[in-house]
file query_13.pdb (PDB, C-alpha atoms, pLDDT in the B column)
ATOM      1  CA  MET N 470      55.336  77.172  60.487  1.00 43.00           C
ATOM      2  CA  SER N 471      58.517  75.242  61.182  1.00 49.00           C
ATOM      3  CA  GLN N 472      60.462  75.509  64.441  1.00 54.00           C
ATOM      4  CA  GLY N 473      63.417  77.416  62.838  1.00 56.00           C
ATOM      5  CA  SER N 474      61.329  80.090  61.138  1.00 63.00           C
ATOM      6  CA  GLN N 475      59.322  81.214  64.179  1.00 75.00           C
ATOM      7  CA  LYS N 476      59.625  84.855  65.129  1.00 75.00           C
ATOM      8  CA  LYS N 477      61.313  85.566  68.423  1.00 77.00           C
ATOM      9  CA  PHE N 478      59.793  88.394  70.441  1.00 78.00           C
ATOM     10  CA  VAL N 479      61.784  90.196  73.089  1.00 78.00           C
ATOM     11  CA  PRO N 480      60.110  92.250  75.832  1.00 81.00           C
ATOM     12  CA  SER N 481      60.961  95.958  75.823  1.00 80.00           C
ATOM     13  CA  GLN N 482      62.066  95.712  79.467  1.00 85.00           C
ATOM     14  CA  ARG N 483      65.141  93.779  78.289  1.00 87.00           C
ATOM     15  CA  PHE N 484      66.483  96.897  76.562  1.00 88.00           C
ATOM     16  CA  ARG N 485      65.871  99.350  79.398  1.00 91.00           C
ATOM     17  CA  GLY N 486      69.079 100.273  81.154  1.00 92.00           C
ATOM     18  CA  MET N 487      71.342  98.909  78.404  1.00 93.00           C
ATOM     19  CA  GLN N 488      74.243 101.070  77.295  1.00 94.00           C
ATOM     20  CA  VAL N 489      74.188 102.332  73.712  1.00 94.00           C
ATOM     21  CA  ILE N 490      77.518 102.610  71.874  1.00 93.00           C
ATOM     22  CA  ASP N 491      77.878 104.221  68.446  1.00 93.00           C
ATOM     23  CA  VAL N 492      79.992 102.935  65.553  1.00 92.00           C
ATOM     24  CA  LYS N 493      83.009 104.978  66.735  1.00 90.00           C
ATOM     25  CA  GLY N 494      82.903 103.310  70.153  1.00 90.00           C
ATOM     26  CA  SER N 495      81.526 106.394  71.908  1.00 89.00           C
ATOM     27  CA  MET N 496      79.027 105.990  74.717  1.00 90.00           C
ATOM     28  CA  VAL N 497      75.747 107.533  73.577  1.00 91.00           C
ATOM     29  CA  GLY N 498      73.726 106.861  76.729  1.00 93.00           C
ATOM     30  CA  THR N 499      71.368 104.381  78.341  1.00 94.00           C
ATOM     31  CA  VAL N 500      68.094 103.035  76.945  1.00 94.00           C
ATOM     32  CA  LYS N 501      65.194 104.658  78.749  1.00 94.00           C
ATOM     33  CA  ASP N 502      62.348 103.113  76.766  1.00 92.00           C
ATOM     34  CA  VAL N 503      61.256 101.714  73.432  1.00 91.00           C
ATOM     35  CA  GLY N 504      59.034 103.914  71.261  1.00 89.00           C
ATOM     36  CA  ILE N 505      56.637 102.594  68.643  1.00 88.00           C
ATOM     37  CA  SER N 506      55.180 104.594  65.764  1.00 86.00           C
ATOM     38  CA  ILE N 507      51.927 102.759  65.142  1.00 84.00           C
ATOM     39  CA  GLY N 508      51.058 104.482  61.853  1.00 83.00           C
ATOM     40  CA  GLU N 509      54.442 103.853  60.248  1.00 82.00           C
ATOM     41  CA  LYS N 510      55.224 100.610  62.104  1.00 81.00           C
ATOM     42  CA  ASP N 511      58.611 101.922  63.226  1.00 88.00           C
ATOM     43  CA  ILE N 512      60.446 101.241  66.448  1.00 90.00           C
ATOM     44  CA  SER N 513      62.937 103.569  68.104  1.00 92.00           C
ATOM     45  CA  LEU N 514      65.062 103.345  71.208  1.00 92.00           C
ATOM     46  CA  ILE N 515      64.593 106.302  73.510  1.00 93.00           C
ATOM     47  CA  VAL N 516      68.035 106.882  74.972  1.00 93.00           C
ATOM     48  CA  ALA N 517      68.922 109.088  77.922  1.00 92.00           C
ATOM     49  CA  ALA N 518      72.100 110.570  76.472  1.00 89.00           C
ATOM     50  CA  LYS N 519      75.132 111.311  78.614  1.00 83.00           C
ATOM     51  CA  THR N 520      74.313 115.034  78.323  1.00 82.00           C
ATOM     52  CA  GLY N 521      70.892 114.491  79.921  1.00 83.00           C
ATOM     53  CA  VAL N 522      68.914 114.923  76.690  1.00 86.00           C
ATOM     54  CA  ASP N 523      66.632 112.152  75.392  1.00 89.00           C
ATOM     55  CA  VAL N 524      67.588 110.962  71.896  1.00 90.00           C
ATOM     56  CA  GLU N 525      65.496 108.751  69.607  1.00 91.00           C
ATOM     57  CA  ILE N 526      67.543 106.096  67.812  1.00 92.00           C
ATOM     58  CA  PRO N 527      65.686 104.429  64.904  1.00 92.00           C
ATOM     59  CA  TRP N 528      65.760 100.629  65.022  1.00 91.00           C
ATOM     60  CA  SER N 529      67.423 100.675  61.589  1.00 93.00           C
ATOM     61  CA  ASN N 530      70.506 102.212  63.258  1.00 93.00           C
ATOM     62  CA  VAL N 531      70.942  99.203  65.582  1.00 93.00           C
ATOM     63  CA  GLN N 532      73.674  96.865  64.382  1.00 94.00           C
ATOM     64  CA  SER N 533      73.667  94.294  67.179  1.00 91.00           C
ATOM     65  CA  ILE N 534      72.518  93.684  70.725  1.00 90.00           C
ATOM     66  CA  GLU N 535      74.463  91.598  73.219  1.00 89.00           C
ATOM     67  CA  ASP N 536      75.740  93.044  76.512  1.00 90.00           C
ATOM     68  CA  VAL N 537      75.386  96.534  74.985  1.00 93.00           C
ATOM     69  CA  ILE N 538      73.524  97.959  72.015  1.00 93.00           C
ATOM     70  CA  LEU N 539      75.897  98.671  69.157  1.00 93.00           C
ATOM     71  CA  LEU N 540      74.827 101.166  66.496  1.00 94.00           C
ATOM     72  CA  ASN N 541      75.826 101.141  62.835  1.00 94.00           C
ATOM     73  CA  LYS N 542      76.158 104.960  62.716  1.00 91.00           C
ATOM     74  CA  SER N 543      77.696 107.674  64.810  1.00 89.00           C
ATOM     75  CA  VAL N 544      75.219 109.754  66.768  1.00 85.00           C
ATOM     76  CA  GLU N 545      75.372 113.519  67.233  1.00 83.00           C
ATOM     77  CA  ILE N 546      74.167 114.159  70.765  1.00 80.00           C
ATOM     78  CA  PRO N 547      72.514 117.552  71.200  1.00 76.00           C
ATOM     79  CA  VAL N 548      73.788 119.660  74.074  1.00 71.00           C
ATOM     80  CA  PRO N 549      71.083 121.287  76.190  1.00 70.00           C
ATOM     81  CA  ALA N 550      71.179 125.064  76.421  1.00 66.00           C
ATOM     82  CA  HIS N 551      72.079 125.032  80.111  1.00 66.00           C
ATOM     83  CA  MET N 552      75.222 122.995  79.298  1.00 63.00           C
ATOM     84  CA  VAL N 553      76.527 125.299  76.573  1.00 67.00           C
ATOM     85  CA  PRO N 554      79.439 127.152  78.101  1.00 75.00           C
ATOM     86  CA  PRO N 555      79.016 130.918  78.302  1.00 78.00           C
ATOM     87  CA  PRO N 556      81.194 133.015  76.037  1.00 84.00           C
ATOM     88  CA  PRO N 557      84.522 133.952  77.571  1.00 87.00           C
ATOM     89  CA  PRO N 558      84.579 137.282  79.379  1.00 86.00           C
ATOM     90  CA  PRO N 559      86.100 140.188  77.501  1.00 84.00           C
ATOM     91  CA  PRO N 560      89.744 140.815  78.256  1.00 82.00           C
ATOM     92  CA  PRO N 561      90.254 143.187  81.157  1.00 80.00           C
ATOM     93  CA  LEU N 562      90.831 146.783  80.274  1.00 78.00           C
ATOM     94  CA  MET N 563      94.452 147.722  80.506  1.00 73.00           C
ATOM     95  CA  GLU N 564      94.751 149.846  83.586  1.00 72.00           C
ATOM     96  CA  VAL N 565      97.360 152.535  83.540  1.00 70.00           C
ATOM     97  CA  PRO N 566      99.565 152.030  86.570  1.00 72.00           C
ATOM     98  CA  PRO N 567      99.381 154.904  89.027  1.00 79.00           C
ATOM     99  CA  THR N 568     102.092 157.483  88.568  1.00 83.00           C
ATOM    100  CA  SER N 569     103.331 160.607  90.249  1.00 86.00           C
ATOM    101  CA  VAL N 570     103.706 163.696  88.040  1.00 90.00           C
ATOM    102  CA  CYS N 571     106.300 166.263  89.058  1.00 92.00           C
ATOM    103  CA  PRO N 572     104.654 169.649  89.731  1.00 92.00           C
ATOM    104  CA  ASN N 573     107.828 171.432  88.597  1.00 94.00           C
ATOM    105  CA  CYS N 574     108.853 169.785  85.296  1.00 94.00           C
ATOM    106  CA  LYS N 575     105.777 167.538  84.606  1.00 93.00           C
ATOM    107  CA  HIS N 576     107.976 164.410  84.380  1.00 93.00           C
ATOM    108  CA  VAL N 577     106.038 161.169  85.002  1.00 91.00           C
ATOM    109  CA  ASN N 578     107.620 159.264  87.889  1.00 90.00           C
ATOM    110  CA  PRO N 579     106.814 155.814  89.373  1.00 89.00           C
ATOM    111  CA  PRO N 580     104.232 155.965  92.166  1.00 87.00           C
ATOM    112  CA  HIS N 581     106.754 155.053  94.891  1.00 89.00           C
ATOM    113  CA  ALA N 582     109.176 157.899  93.987  1.00 90.00           C
ATOM    114  CA  LYS N 583     109.800 160.479  96.720  1.00 91.00           C
ATOM    115  CA  PHE N 584     111.726 162.823  94.392  1.00 92.00           C
ATOM    116  CA  CYS N 585     111.438 163.585  90.649  1.00 92.00           C
ATOM    117  CA  ALA N 586     113.922 161.529  88.624  1.00 92.00           C
ATOM    118  CA  LYS N 587     114.410 164.432  86.187  1.00 94.00           C
ATOM    119  CA  CYS N 588     114.702 167.589  88.289  1.00 94.00           C
ATOM    120  CA  GLY N 589     114.932 166.302  91.886  1.00 93.00           C
ATOM    121  CA  THR N 590     111.844 168.154  93.177  1.00 93.00           C
ATOM    122  CA  LYS N 591     110.232 166.516  96.215  1.00 92.00           C
ATOM    123  CA  LEU N 592     107.022 164.708  95.228  1.00 88.00           C
ATOM    124  CA  GLY N 593     103.764 164.313  97.014  1.00 76.00           C
TER
END

call {"tool": "encode", "arguments": {"input": "query_13.pdb", "output": "structure tokens"}}
result
Amino acid sequence: MSQGSQKKFVPSQRFRGMQVIDVKGSMVGTVKDVGISIGEKDISLIVAAKTGVDVEIPWSNVQSIEDVILLNKSVEIPVPAHMVPPPPPPPPLMEVPPTSVCPNCKHVNPPHAKFCAKCGTKLG
């Protein structure tokens, strides 16, 4: 085998801790480990995503590796259940402001009224 055609092997430790950026320039996460599927001879990066979930990135999705790992696809990062925001609370029930009803004419007066606005009867 000639000098130029020799395979270059890189230890998996080199990838650990590297940032992974998708094709849109979004930070996916940090490489946690390298996974190997022995039966299918596949390699995946196991990435600790920014949401705290581990994501497997197939080696075929890696475009280049320099200071960071650049992917050739965008990655949809799953959100763990504890990070999904709860549904908004229902709107508060409309409370009817307190009123003062005149015992004489049954006119509804504001709560601070001392006398009925309609007939002048003393309230409360």

call {"tool": "closest_residue", "arguments": {"input": "query_13.pdb", "among": "N:Asn578, N:Ser529, N:Ser569, N:Ser513", "to": "Phe484 of chain N", "atoms": "only C-alpha atoms"}}
result
N:Ser513

call {"tool": "atom_distance", "arguments": {"input": "query_13.pdb", "atom1": "atom CA of Val500 of chain N", "atom2": "atom CA of Leu514 of chain N"}}
result
6.5 Å

call {"tool": "closest_residue", "arguments": {"input": "query_13.pdb", "among": "N:Gln482, N:Ser543, N:Asn573, N:Thr499", "to": "Ala518 of chain N", "atoms": "only C-alpha atoms"}}
result
N:Thr499

call {"tool": "residues_around", "arguments": {"input": "query_13.pdb", "residues": "segment 532-536 of chain N", "least_positions_apart": "3", "cutoff": "12 Å", "atoms": "all atoms listed in the file", "output": "list in words"}}
result
Val479, Arg483, Phe484, Gly486, Met487, Gln488, Val489, Ile490, Asp491, Val492, Ile526, Pro527, Trp528, Ser529, Leu539, Leu540, Asn541, Lys542 and Ser543 of chain N

call {"tool": "closest_residue", "arguments": {"input": "query_13.pdb", "among": "N:Val531, N:Cys574, N:Met563, N:Ile505", "to": "Ser481 of chain N", "atoms": "all atoms listed in the file"}}
result
N:Ile505

call {"tool": "residues_near_point", "arguments": {"input": "query_13.pdb", "point": "(116.0, 165.9, 84.5)", "cutoff": "12 Å", "atoms": "only C-alpha atoms", "output": "PyMOL selection string"}}
result
chain N and resi 571+573-578+584-590

call {"tool": "closest_residue", "arguments": {"input": "query_13.pdb", "among": "N:Pro547, N:Gly593, N:Gly504, N:Pro480", "to": "Pro572 of chain N", "atoms": "all atoms listed in the file"}}
result
N:Gly593

call {"tool": "closest_residue", "arguments": {"input": "query_13.pdb", "among": "N:Leu592, N:Ala517, N:Val548, N:Asp511", "to": "Asn530 of chain N", "atoms": "only C-alpha atoms"}}
result
N:Asp511

call {"tool": "closest_residue", "arguments": {"input": "query_13.pdb", "among": "N:Val565, N:Val524, N:Ile546, N:Val503", "to": "Pro579 of chain N", "atoms": "only C-alpha atoms"}}
result
N:Val565

call {"tool": "build_atoms", "arguments": {"input": "query_13.pdb", "residues": "segment 544-571 of chain N", "atoms": "N, CA and C atoms", "output": "short mmCIF file (atom, residue, chain, number, x, y, z; two decimals), keeping the file's coordinate frame"}}
result
data_model
loop_
_atom_site.label_atom_id
_atom_site.label_comp_id
_atom_site.auth_asym_id
_atom_site.auth_seq_id
_atom_site.Cartn_x
_atom_site.Cartn_y
_atom_site.Cartn_z
N VAL N 544 76.37 108.98 66.34
CA VAL N 544 75.22 109.75 66.77
C VAL N 544 75.70 111.11 67.27
N GLU N 545 75.09 112.16 66.77
CA GLU N 545 75.37 113.52 67.23
C GLU N 545 74.43 113.80 68.39
N ILE N 546 74.99 113.94 69.58
CA ILE N 546 74.17 114.16 70.76
C ILE N 546 73.98 115.65 70.97
N PRO N 547 72.73 116.12 70.98
CA PRO N 547 72.51 117.55 71.20
C PRO N 547 72.89 117.94 72.63
N VAL N 548 73.41 119.14 72.77
CA VAL N 548 73.79 119.66 74.07
C VAL N 548 72.69 120.60 74.53
N PRO N 549 72.13 120.38 75.72
CA PRO N 549 71.08 121.29 76.19
C PRO N 549 71.64 122.69 76.42
N ALA N 550 70.76 123.66 76.33
CA ALA N 550 71.18 125.06 76.42
C ALA N 550 71.88 125.37 77.73
N HIS N 551 71.44 124.73 78.82
CA HIS N 551 72.08 125.03 80.11
C HIS N 551 73.49 124.44 80.22
N MET N 552 73.88 123.58 79.27
CA MET N 552 75.22 123.00 79.30
C MET N 552 76.18 123.68 78.33
N VAL N 553 75.66 124.58 77.50
CA VAL N 553 76.53 125.30 76.57
C VAL N 553 77.34 126.30 77.39
N PRO N 554 78.65 126.23 77.29
CA PRO N 554 79.44 127.15 78.10
C PRO N 554 79.21 128.60 77.68
N PRO N 555 79.20 129.51 78.65
CA PRO N 555 79.02 130.92 78.30
C PRO N 555 80.24 131.43 77.54
N PRO N 556 80.04 132.47 76.76
CA PRO N 556 81.19 133.01 76.04
C PRO N 556 82.24 133.52 77.03
N PRO N 557 83.49 133.48 76.64
CA PRO N 557 84.52 133.95 77.57
C PRO N 557 84.35 135.44 77.86
N PRO N 558 84.72 135.86 79.06
CA PRO N 558 84.58 137.28 79.38
C PRO N 558 85.54 138.10 78.54
N PRO N 559 85.19 139.35 78.29
CA PRO N 559 86.10 140.19 77.50
C PRO N 559 87.41 140.39 78.27
N PRO N 560 88.47 140.60 77.55
CA PRO N 560 89.74 140.82 78.26
C PRO N 560 89.65 142.06 79.14
N PRO N 561 90.34 142.02 80.27
CA PRO N 561 90.25 143.19 81.16
C PRO N 561 90.87 144.42 80.49
N LEU N 562 90.30 145.54 80.81
CA LEU N 562 90.83 146.78 80.27
C LEU N 562 92.22 147.01 80.87
N MET N 563 93.09 147.46 80.04
CA MET N 563 94.45 147.72 80.51
C MET N 563 94.43 148.95 81.41
N GLU N 564 94.72 148.72 82.66
CA GLU N 564 94.75 149.85 83.59
C GLU N 564 96.12 150.49 83.53
N VAL N 565 96.11 151.79 83.53
CA VAL N 565 97.36 152.54 83.54
C VAL N 565 97.85 152.52 84.99
N PRO N 566 99.08 152.06 85.19
CA PRO N 566 99.56 152.03 86.57
C PRO N 566 99.62 153.45 87.14
N PRO N 567 99.35 153.57 88.43
CA PRO N 567 99.38 154.90 89.03
C PRO N 567 100.78 155.50 88.93
N THR N 568 100.81 156.78 88.70
CA THR N 568 102.09 157.48 88.57
C THR N 568 102.05 158.75 89.40
N SER N 569 103.21 159.33 89.54
CA SER N 569 103.33 160.61 90.25
C SER N 569 103.95 161.60 89.28
N VAL N 570 103.23 162.68 88.98
CA VAL N 570 103.71 163.70 88.04
C VAL N 570 104.36 164.83 88.83
N CYS N 571 105.54 165.19 88.39
CA CYS N 571 106.30 166.26 89.06
C CYS N 571 105.59 167.60 88.82
#
